[in-house]
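Quick notes on the structure that follows.
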Amino acid sequence: MSDAVSTQGNLPSEHFLNLPHGPGVDNGPHLDGIVDTTTLAAHDFDVDTRTGFMPPDPPIYRLPEQWEPWEAVLDKAMRERLQLAIKQGITDEEMRTSDNWRSEVRELPTLPVQDLTSEVLLRRAHHTLTFIMHFYIHTLPLTAPVIIPASIGIPLLKVSTHLQLPPIATYSDTVLYNWELKKAPSASEMETELEWGLDLQNLKSQDLFTGTCDEEEFFLSSARIELRGVEALELMRASMDEMFVGDDIAIRRITSYLTRLAGVVQALTGLLMDVRKGCDPDVFYHRVRPWFCGQDSDPGERKWTFEGIAGCGDDLEEPTDLSGPSAGQSALIHALDIFLGLDNRRSETSTTTTSGKADARTLLRRMQIYMPRHHRAFLRHLSANPRPLRDFVQTKSPELIEAYNQAVGAVKGFRDAHIRIVALYIIGPASRERAGETGGLLRGTGGTQLAQFLKGVRDGAVDALIQ
């Protein structure tokens with residue numbers, strides 16, 4: 001347990017992540033008046049100048065001893081390689097192993113959470129409890145109702161209330177706060193402030209559902225995108241600072257920044273496509289992806305019920321947001337959209353369909369519910385910029401317009417690459433699986449209707465190009 005405490009100690013005691021956390025309080029900044037762009041990478045938003053939306057230090061990998069029963073039962077699930085209930089050819093022995101493990105979960109004591117007094121501990125608790133919950137639900141026979149035991153459900157609901165997150169695994173649980181270093185920096189490297197955090201190949205995942213290299217590569221490909229995207233955040237900040245000046249020198253600088261931003265986004269596209277090097281599409285679709293599914297993509301179309309809410313006495317309510325983790329929950333990609341004005345273009349060109357399904361912009365807004373609240377505050381801050389970049393660019397030089405279009409075109413390229421990845425890893429395997437069957441609309445693990453959603457976000461980039 002000392003390892004967990006010492007890891008947490010890497011943050012100064014006065015750091016806001018280590019401060020006591022009151023229930024239901026949004027610790028993000030309250031913003032009034034003119035936006036101060038110098039704070040775009042401030043700790044107020046939990047955005048680090050070296051690692052962006054990922055924490056600057058590896059997340060703690062274990063809770064203190066008081067909550068060891070949670071960690072132990074998660075360890076056992078991973079060690080025994082529990083199998084999905086929908087696995088083709090699952091054996092009686094595999095089903096018995098899962099059933100015995102679920103019995104242990106039901107027999108756990110309902111541990112208190114009031115001593116989880118820092119953001120760091122609460123994040124680990126959310127990660128641990130949601131992983132246990134997903135193991136529990138997705139090893140249940142499809143004929144069994146989904147009743148989440150109070151032993152894990154009640155603490156998870158309380159922790160989620162503190163963090164202002166849904167009580168389900170999110171992108172932050174699987175990517176942002178689920179990594180460690182293969183090789184820790186030496187004392188001399190730390191003393192010289194070597195930017196070890198930007199070594200994209202020095203990462204490994206903490207916890208995995210399958211223990212496969214394919215699952216780890218899927219998580220780490222997103223982590224590498226987050227780290228490489230730090231430069232994009234700095235270019236956004238620098239551009240917004242120059243827009244406040246607005247003279248000829250500032251315009252030339254913004255032109256340069258946007259050209260560089262296009263290059264960074266192209267690098268992100270390369271990292272996205274690199275997932276093919278270590279993650280097999282069929283392994284991902286059949287063995288990895290089902291663990292992520294939320295209630296709205298439950299293979300048995302079952303309602304997920306949290307046991308013991310009525311008798312808890314803490315004003316807990318049945319949750320309504322129960323979609324699984326999705327790359328659409330990455331604040332980095334949302335920040336690019338907001339900075340370039342792509343989110344507003346979608347609102348102007350998209351309409352709500354007669355079937356009542358939300359347009360692409362609404363679906364992206366829904367994804368923000370699943371982000372850490374400090375990152376949501378960052379996006380609100382960015383959206384409140386009184387000098388939108390696209391409006392500024394349209395009144396300036398042809399060179400600036402060209403640089404802006406290059407950046408937008410790079411984002412479109414990223415969206416096109418995302419569509420190709422989804423086709424390779426989800427739509428293709430699903431089509432092969434459904435050959436000869438009549439299936440409904442294919443949904444992402446985040447609950448989105450894939451074809452409609454991806455087309456909407458890509459078209460937003462096309463529409464934003466300045467003619």
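By order of appearance in the structure tokens: chains A, B, ..., then residues from 1 within every chain, and ligands from 1 in the order shown.
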Closest contacts (segment 249-296 of chain A/segment 76-88 of chain A, max 10 Å, only C-alpha atoms) as JSON lines:
{"residue": "A:His286", "atom": "CA", "partner": "A:Lys87", "partner_atom": "CA", "distance": 7.8}
{"residue": "A:Arg287", "atom": "CA", "partner": "A:Leu84", "partner_atom": "CA", "distance": 7.7}
{"residue": "A:Val288", "atom": "CA", "partner": "A:Leu84", "partner_atom": "CA", "distance": 9.3}
{"residue": "A:Pro290", "atom": "CA", "partner": "A:Leu84", "partner_atom": "CA", "distance": 7.7}
{"residue": "A:Trp291", "atom": "CA", "partner": "A:Leu84", "partner_atom": "CA", "distance": 7.5}
* Asked: If you run DSSP on this backbone, which residues of segment 214-460 of chain A come out as alpha helix (DSSP H), and could you give them as number ranges by chain?
  -> A: 214-228, 230-245, 248-273, 281-283, 331-340, 342-349, 360-368, 373-383, 389-394, 398-422, 428-433, 450-460
* Can you list, as a list of chain:residue names, every protein, DNA or RNA residue that comes within 7 Å of His374 of chain A when you count only C-alpha atoms, leaving out same-chain residues fewer than 3 positions away? ->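 Here the answer would be A:Gly28, A:Phe45, A:Asp46, A:Ala377, A:Phe378.
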Got a sec: who's within 12 Å of Asp314 of chain A, counting only C-alpha atoms, leaving out chain neighbours fewer than 2 positions off, as a CSV table (one decimal) with N, CA and C atoms, in the first residue's frame?
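Full text of part36.csv as output:
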chain,number,residue,atom,x,y,z
A,23,PRO,N,-18.9,16.8,-1.8
A,23,PRO,CA,-19.8,16.2,-2.7
A,23,PRO,C,-20.5,17.2,-3.6
A,154,ILE,N,-23.3,0.7,-4.9
A,154,ILE,CA,-23.5,1.8,-4.1
A,154,ILE,C,-22.2,2.7,-3.9
A,155,PRO,N,-21.0,2.1,-3.6
A,155,PRO,CA,-19.8,2.9,-3.6
A,155,PRO,C,-19.6,3.6,-5.0
A,157,LEU,N,-21.7,4.5,-7.2
A,157,LEU,CA,-22.7,5.7,-7.4
A,157,LEU,C,-22.2,6.9,-6.6
A,158,LYS,N,-21.7,6.6,-5.4
A,158,LYS,CA,-21.2,7.7,-4.5
A,158,LYS,C,-19.9,8.4,-5.1
A,161,THR,N,-20.8,10.4,-8.1
A,161,THR,CA,-21.4,11.7,-7.7
A,161,THR,C,-20.3,12.7,-7.4
A,308,GLY,N,-30.0,-1.8,-4.1
A,308,GLY,CA,-29.9,-1.2,-2.8
A,308,GLY,C,-30.0,0.3,-2.8
A,309,ILE,N,-30.4,0.9,-3.9
A,309,ILE,CA,-30.5,2.4,-3.9
A,309,ILE,C,-31.5,2.9,-3.0
A,310,ALA,N,-32.7,2.2,-3.0
A,310,ALA,CA,-33.8,2.7,-2.2
A,310,ALA,C,-33.5,2.8,-0.7
A,311,GLY,N,-32.7,1.8,-0.2
A,311,GLY,CA,-32.4,1.8,1.2
A,311,GLY,C,-31.1,2.4,1.6
A,312,CYS,N,-30.5,3.1,0.6
A,312,CYS,CA,-29.2,3.7,0.9
A,312,CYS,C,-29.2,4.9,1.8
A,316,LEU,N,-29.4,8.8,-3.6
A,316,LEU,CA,-28.9,8.3,-4.8
A,316,LEU,C,-30.0,7.9,-5.8
A,317,GLU,N,-29.8,8.1,-7.1
A,317,GLU,CA,-30.9,7.8,-8.1
A,317,GLU,C,-30.3,6.8,-9.1
* Measuring atom to atom with only C-alpha atoms, identify which of A:Arg420, A:Pro299, A:Leu165, A:Val120 is nearest to Pro319 of chain A. => A:Leu165
* Enter the distance from atom CA of Ser221 of chain A to atom CA of Gly278 of chain A, in Å, rounded to one decimal. =>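 Taking atom CA of Ser221 of chain A as the start and atom CA of Gly278 of chain A as the end point, the length is 9.4 Å.
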* Name the residues in contact with segment 106-111 of chain A at a cut-off of 12 Å, using only C-alpha atoms, excluding same-chain residues fewer than 3 positions from it; report them as JSON, numbers by chain. => {"A": [65, 66, 67, 68, 69, 70, 71, 72, 73, 74, 99, 100, 101, 102, 103, 114, 115, 116, 125, 129, 132, 133, 136, 147, 148, 149, 150, 151, 152, 153, 154, 155, 156, 157, 158, 159, 307, 308, 312]}
* To do: Point out the residue among A:Leu340, A:Arg302, A:Lys182, A:Leu208 with the least atom-to-atom distance to Met240 of chain A, counting only C-alpha atoms.
  => A:Leu340
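Nearest-residue note for Ser297 of chain A: choosing from A:Asp416, A:His138, A:Pro145, A:Glu234, the minimum distance belongs to A:His138, counting only C-alpha atoms.
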* Structure fact -> Correct to one decimal, the distance atom CA of Glu180 of chain A-atom CA of Leu203 of chain A is 5.8 Å
* Asked: What is the atom CA of Ile254 of chain A-atom CA of Ala232 of chain A distance in Å, reported with one decimal?
  ->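 Going from atom CA of Ile254 of chain A over to atom CA of Ala232 of chain A covers 12.9 Å.
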Selection: 10 Å around Leu424 of chain A, only C-alpha atoms, excl. self and same-chain fewer than 3 positions, as a PDB file with N, CA and C atoms, in the first residue's frame:
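Writing the result to around-v7.pdb gives the following:
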ATOM      1  N   ARG A 276      -3.304  -0.444 -36.298  1.00  0.00           N
ATOM      2  CA  ARG A 276      -3.372  -1.678 -37.093  1.00  0.00           C
ATOM      3  C   ARG A 276      -2.134  -2.555 -36.871  1.00  0.00           C
ATOM      4  N   ASP A 280      -5.454  -6.690 -33.793  1.00  0.00           N
ATOM      5  CA  ASP A 280      -6.133  -7.428 -34.850  1.00  0.00           C
ATOM      6  C   ASP A 280      -7.632  -7.108 -34.842  1.00  0.00           C
ATOM      7  N   PRO A 281      -8.220  -6.786 -35.994  1.00  0.00           N
ATOM      8  CA  PRO A 281      -9.645  -6.394 -36.022  1.00  0.00           C
ATOM      9  C   PRO A 281     -10.586  -7.446 -35.463  1.00  0.00           C
ATOM     10  N   ASP A 282     -10.372  -8.707 -35.796  1.00  0.00           N
ATOM     11  CA  ASP A 282     -11.294  -9.739 -35.313  1.00  0.00           C
ATOM     12  C   ASP A 282     -11.129  -9.995 -33.819  1.00  0.00           C
ATOM     13  N   TYR A 285     -12.922  -6.988 -32.183  1.00  0.00           N
ATOM     14  CA  TYR A 285     -14.385  -6.989 -32.278  1.00  0.00           C
ATOM     15  C   TYR A 285     -15.004  -8.089 -31.415  1.00  0.00           C
ATOM     16  N   HIS A 418     -10.531   7.934 -39.151  1.00  0.00           N
ATOM     17  CA  HIS A 418     -11.362   7.321 -38.115  1.00  0.00           C
ATOM     18  C   HIS A 418     -12.438   6.442 -38.737  1.00  0.00           C
ATOM     19  N   ILE A 419     -13.033   6.926 -39.824  1.00  0.00           N
ATOM     20  CA  ILE A 419     -14.054   6.127 -40.508  1.00  0.00           C
ATOM     21  C   ILE A 419     -13.437   4.835 -41.037  1.00  0.00           C
ATOM     22  N   ARG A 420     -12.208   4.915 -41.579  1.00  0.00           N
ATOM     23  CA  ARG A 420     -11.559   3.707 -42.088  1.00  0.00           C
ATOM     24  C   ARG A 420     -11.266   2.726 -40.954  1.00  0.00           C
ATOM     25  N   ILE A 421     -10.846   3.256 -39.796  1.00  0.00           N
ATOM     26  CA  ILE A 421     -10.580   2.378 -38.649  1.00  0.00           C
ATOM     27  C   ILE A 421     -11.868   1.719 -38.172  1.00  0.00           C
ATOM     28  N   ILE A 427     -17.373  -2.224 -38.388  1.00  0.00           N
ATOM     29  CA  ILE A 427     -18.385  -2.456 -39.420  1.00  0.00           C
ATOM     30  C   ILE A 427     -18.082  -3.722 -40.215  1.00  0.00           C
ATOM     31  N   GLY A 428     -16.799  -3.926 -40.588  1.00  0.00           N
ATOM     32  CA  GLY A 428     -16.432  -5.129 -41.329  1.00  0.00           C
ATOM     33  C   GLY A 428     -16.706  -6.408 -40.555  1.00  0.00           C
ATOM     34  N   PRO A 429     -16.157  -6.560 -39.338  1.00  0.00           N
ATOM     35  CA  PRO A 429     -16.450  -7.776 -38.569  1.00  0.00           C
ATOM     36  C   PRO A 429     -17.936  -7.958 -38.278  1.00  0.00           C
ATOM     37  N   ALA A 430     -18.650  -6.851 -38.042  1.00  0.00           N
ATOM     38  CA  ALA A 430     -20.087  -6.964 -37.771  1.00  0.00           C
ATOM     39  C   ALA A 430     -20.819  -7.472 -39.005  1.00  0.00           C
TER      40      ALA A 430
END
